[in-house]
Amino acid sequence: MSVSLRTAEDLDLMAVGSVHQRSRVAAYAGILSPATLELRTAAAFGEWWTERYRWERDTHVLTVADRDGEVVGFTYVGPSETPDAAELYAIHVAPELVGAGVGRLLMVDALAKLAKVGGSRAVLWVLAANERAREFYEAGGWLPDGETRTEPVNGEPVDQLRYSVDLG
């Protein structure tokens with residue numbers, strides 16, 4: 001399997017939405033209710049990414065993993081509200097490719113891009129109950145930094161942990 005990374009183009013945003021939706025349903029099954037997971041379609045995610053990227057493309061970087069012309073994963077990085085930090089806002093991989101190395105490739109690339117955003121560290125938020133994601137981040141050098149929050153996902157409150165990694 002050959003996967004390359006590139007900066008997303010406008011034509012990729014619906015595919016980004018599809019990967020996001022499929023990844024989220026697979027990763028959050030058993031964490032979020034089925035009703036919550038069914039609320040947003042792949043098309044709705046695509047529209048959401050189209051709108052978000054339109055407003056943030058000057059300050060954020062959306063990178064896609066491309067396998068033979070198909071978007072199979074992505075990351076989204078940019079400035080953070082956390083002082084002196086850049087933020088990894090999203091990393092998603094098509095469920096059928098989880099464990100195939102695409103996520104690791106995206107993470108290595110994201111860390112380099114986070115360093116360019118600025119700040120002495122990078123942060124991300126992860127669902128507290130998402131053990132697989134937490135293990136993935138920890139294997140990549142990220143650690144929980146003690147900050148927590150409860151945020152709604154489609155109206156369902158979900159506990160989250162902040163992870164950070166030193167960029168120095």
# chains A, B, ... in the order shown; residues from 1 in each chain; ligands from 1

$ residues_around --residues "A:Val16" --least-positions-apart "5" --cutoff "8 Å" --atoms "only C-alpha atoms" --output "list in words"
Phe45, Gly46, Trp49, Val64, Val71, Gly73 and Phe74 of chain A

$ closest_atom_pairs --of "stretch 106-133 of chain A" --to "stretch 18-27 of chain A" --cutoff "12 Å" --atoms "only C-alpha atoms" --output "tab-separated table"
residue	atom	partner	partner_atom	distance
A:Val126	CA	A:Ala27	CA	11.3
A:Leu127	CA	A:Ala27	CA	10.1
A:Ala129	CA	A:Ala27	CA	10.3
A:Asn130	CA	A:Ala27	CA	7.4
A:Glu131	CA	A:Ala27	CA	9.6
A:Arg132	CA	A:Ala27	CA	8.1
A:Ala133	CA	A:Ala27	CA	8.2

$ write_last_selection --atoms "N, CA and C atoms" --output "PDB file, in the first residue's frame"
ATOM      1  N   VAL A 126      -8.853  14.470  23.607  1.00  0.00           N
ATOM      2  CA  VAL A 126      -9.283  13.123  23.264  1.00  0.00           C
ATOM      3  C   VAL A 126     -10.400  12.715  24.222  1.00  0.00           C
ATOM      4  N   LEU A 127     -11.351  11.940  23.723  1.00  0.00           N
ATOM      5  CA  LEU A 127     -12.396  11.429  24.600  1.00  0.00           C
ATOM      6  C   LEU A 127     -11.734  10.549  25.658  1.00  0.00           C
ATOM      7  N   ALA A 129     -12.755   8.124  27.330  1.00  0.00           N
ATOM      8  CA  ALA A 129     -13.053   6.700  27.200  1.00  0.00           C
ATOM      9  C   ALA A 129     -12.478   6.067  25.933  1.00  0.00           C
ATOM     10  N   ASN A 130     -11.820   6.845  25.092  1.00  0.00           N
ATOM     11  CA  ASN A 130     -11.276   6.325  23.833  1.00  0.00           C
ATOM     12  C   ASN A 130      -9.867   5.762  24.079  1.00  0.00           C
ATOM     13  N   GLU A 131      -9.837   4.568  24.638  1.00  0.00           N
ATOM     14  CA  GLU A 131      -8.563   3.938  25.029  1.00  0.00           C
ATOM     15  C   GLU A 131      -7.635   3.719  23.839  1.00  0.00           C
ATOM     16  N   ARG A 132      -8.178   3.308  22.711  1.00  0.00           N
ATOM     17  CA  ARG A 132      -7.323   3.050  21.540  1.00  0.00           C
ATOM     18  C   ARG A 132      -6.608   4.323  21.096  1.00  0.00           C
ATOM     19  N   ALA A 133      -7.327   5.428  21.035  1.00  0.00           N
ATOM     20  CA  ALA A 133      -6.703   6.697  20.641  1.00  0.00           C
ATOM     21  C   ALA A 133      -5.672   7.128  21.677  1.00  0.00           C
TER      22      ALA A 133
END

$ select_by_dssp --residues "chain A" --states "helix (DSSP H, G or I)" --output "ChimeraX atom specification"
/A:10-28,34-38,42-56,95-97,102-117,131-139

$ atom_distance --atom1 "atom CA of A:Thr7" --atom2 "atom CA of A:Leu62"
6.0 Å

$ residues_around --residues "A:Asp109" --least-positions-apart "5" --cutoff "12 Å" --atoms "only C-alpha atoms" --output "list in words"
Ser4, Leu5, Arg6, Thr7, Val61, Leu62, Thr63, Val64, Ala65, Phe74, Thr75, Tyr76, Val77, Leu88, Ile91, Val102, Gly103, Arg104, Leu114, Ala115, Lys116 and Gly140 of chain A

$ select_by_dssp --residues "chain A" --states "strand (DSSP E)" --output "number ranges by chain"
A: 4-7, 61-67, 70-79, 85-93, 121-127, 143-153, 156-166

$ write_last_selection --atoms "C-alpha atoms" --output "PDB file, in the first residue's frame"
ATOM      1  CA  SER A   4       1.340   9.955   0.251  1.00  0.00           C
ATOM      2  CA  LEU A   5       0.582  13.095   2.218  1.00  0.00           C
ATOM      3  CA  ARG A   6      -0.372  16.428   0.711  1.00  0.00           C
ATOM      4  CA  THR A   7      -2.124  19.646   1.620  1.00  0.00           C
ATOM      5  CA  VAL A  61      -3.212  23.242   7.810  1.00  0.00           C
ATOM      6  CA  LEU A  62      -5.382  20.381   6.556  1.00  0.00           C
ATOM      7  CA  THR A  63      -3.263  17.463   5.348  1.00  0.00           C
ATOM      8  CA  VAL A  64      -4.710  14.424   3.632  1.00  0.00           C
ATOM      9  CA  ALA A  65      -3.351  10.915   3.279  1.00  0.00           C
ATOM     10  CA  ASP A  66      -3.869   9.912  -0.352  1.00  0.00           C
ATOM     11  CA  ARG A  67      -3.880   6.309  -1.551  1.00  0.00           C
ATOM     12  CA  GLU A  70      -8.488   8.390  -2.553  1.00  0.00           C
ATOM     13  CA  VAL A  71      -8.436  10.336   0.724  1.00  0.00           C
ATOM     14  CA  VAL A  72      -7.903   7.733   3.458  1.00  0.00           C
ATOM     15  CA  GLY A  73      -6.972   9.965   6.384  1.00  0.00           C
ATOM     16  CA  PHE A  74      -6.274  13.520   7.450  1.00  0.00           C
ATOM     17  CA  THR A  75      -4.931  15.847  10.120  1.00  0.00           C
ATOM     18  CA  TYR A  76      -5.889  19.401  10.993  1.00  0.00           C
ATOM     19  CA  VAL A  77      -3.450  21.622  12.909  1.00  0.00           C
ATOM     20  CA  GLY A  78      -3.362  25.274  13.872  1.00  0.00           C
ATOM     21  CA  PRO A  79      -2.995  27.805  16.650  1.00  0.00           C
ATOM     22  CA  ALA A  85       0.836  25.954  22.142  1.00  0.00           C
ATOM     23  CA  ALA A  86      -0.200  24.729  18.730  1.00  0.00           C
ATOM     24  CA  GLU A  87      -3.112  22.289  18.487  1.00  0.00           C
ATOM     25  CA  LEU A  88      -3.827  19.043  16.703  1.00  0.00           C
ATOM     26  CA  TYR A  89      -7.547  19.502  16.139  1.00  0.00           C
ATOM     27  CA  ALA A  90      -8.157  16.292  14.213  1.00  0.00           C
ATOM     28  CA  ILE A  91      -6.502  13.101  13.093  1.00  0.00           C
ATOM     29  CA  HIS A  92      -8.699  10.505  11.415  1.00  0.00           C
ATOM     30  CA  VAL A  93      -7.996   7.404   9.340  1.00  0.00           C
ATOM     31  CA  ARG A 121       4.288  22.472  22.928  1.00  0.00           C
ATOM     32  CA  ALA A 122       1.378  20.954  21.070  1.00  0.00           C
ATOM     33  CA  VAL A 123      -1.942  19.952  22.594  1.00  0.00           C
ATOM     34  CA  LEU A 124      -4.910  17.826  21.578  1.00  0.00           C
ATOM     35  CA  TRP A 125      -8.181  16.752  23.189  1.00  0.00           C
ATOM     36  CA  VAL A 126      -9.283  13.123  23.264  1.00  0.00           C
ATOM     37  CA  LEU A 127     -12.396  11.429  24.600  1.00  0.00           C
ATOM     38  CA  LEU A 143       0.927  12.531  27.606  1.00  0.00           C
ATOM     39  CA  PRO A 144      -2.136  13.702  29.549  1.00  0.00           C
ATOM     40  CA  ASP A 145      -1.302  17.073  31.106  1.00  0.00           C
ATOM     41  CA  GLY A 146      -4.035  17.119  33.760  1.00  0.00           C
ATOM     42  CA  GLU A 147      -6.548  19.363  31.974  1.00  0.00           C
ATOM     43  CA  THR A 148     -10.050  17.989  31.508  1.00  0.00           C
ATOM     44  CA  ARG A 149     -13.332  19.208  30.096  1.00  0.00           C
ATOM     45  CA  THR A 150     -16.810  17.982  29.317  1.00  0.00           C
ATOM     46  CA  GLU A 151     -17.975  18.985  25.847  1.00  0.00           C
ATOM     47  CA  PRO A 152     -21.114  18.023  23.944  1.00  0.00           C
ATOM     48  CA  VAL A 153     -20.875  15.850  20.849  1.00  0.00           C
ATOM     49  CA  GLU A 156     -24.289  14.359  24.294  1.00  0.00           C
ATOM     50  CA  PRO A 157     -21.858  15.453  27.054  1.00  0.00           C
ATOM     51  CA  VAL A 158     -18.500  13.678  26.804  1.00  0.00           C
ATOM     52  CA  ASP A 159     -15.507  13.798  29.140  1.00  0.00           C
ATOM     53  CA  GLN A 160     -12.253  14.732  27.442  1.00  0.00           C
ATOM     54  CA  LEU A 161      -8.598  14.811  28.429  1.00  0.00           C
ATOM     55  CA  ARG A 162      -5.966  17.165  27.101  1.00  0.00           C
ATOM     56  CA  TYR A 163      -2.712  15.618  25.948  1.00  0.00           C
ATOM     57  CA  SER A 164       0.459  17.533  25.192  1.00  0.00           C
ATOM     58  CA  VAL A 165       3.899  16.995  23.753  1.00  0.00           C
ATOM     59  CA  ASP A 166       6.981  19.202  23.924  1.00  0.00           C
TER      60      ASP A 166
END

$ atom_distance --atom1 "atom CA of A:Thr50" --atom2 "atom CA of A:Gly17"
8.7 Å

$ closest_residue --among "A:Gly168, A:Gly101, A:Ala128, A:Met14" --to "A:Ala42" --atoms "only C-alpha atoms"
A:Met14

$ closest_residue --among "A:Leu13, A:Ala94, A:Leu37, A:Ala139" --to "A:Val108" --atoms "only C-alpha atoms"
A:Ala139

$ atom_distance --atom1 "atom CA of A:Pro95" --atom2 "atom CA of A:Ser33"
18.5 Å
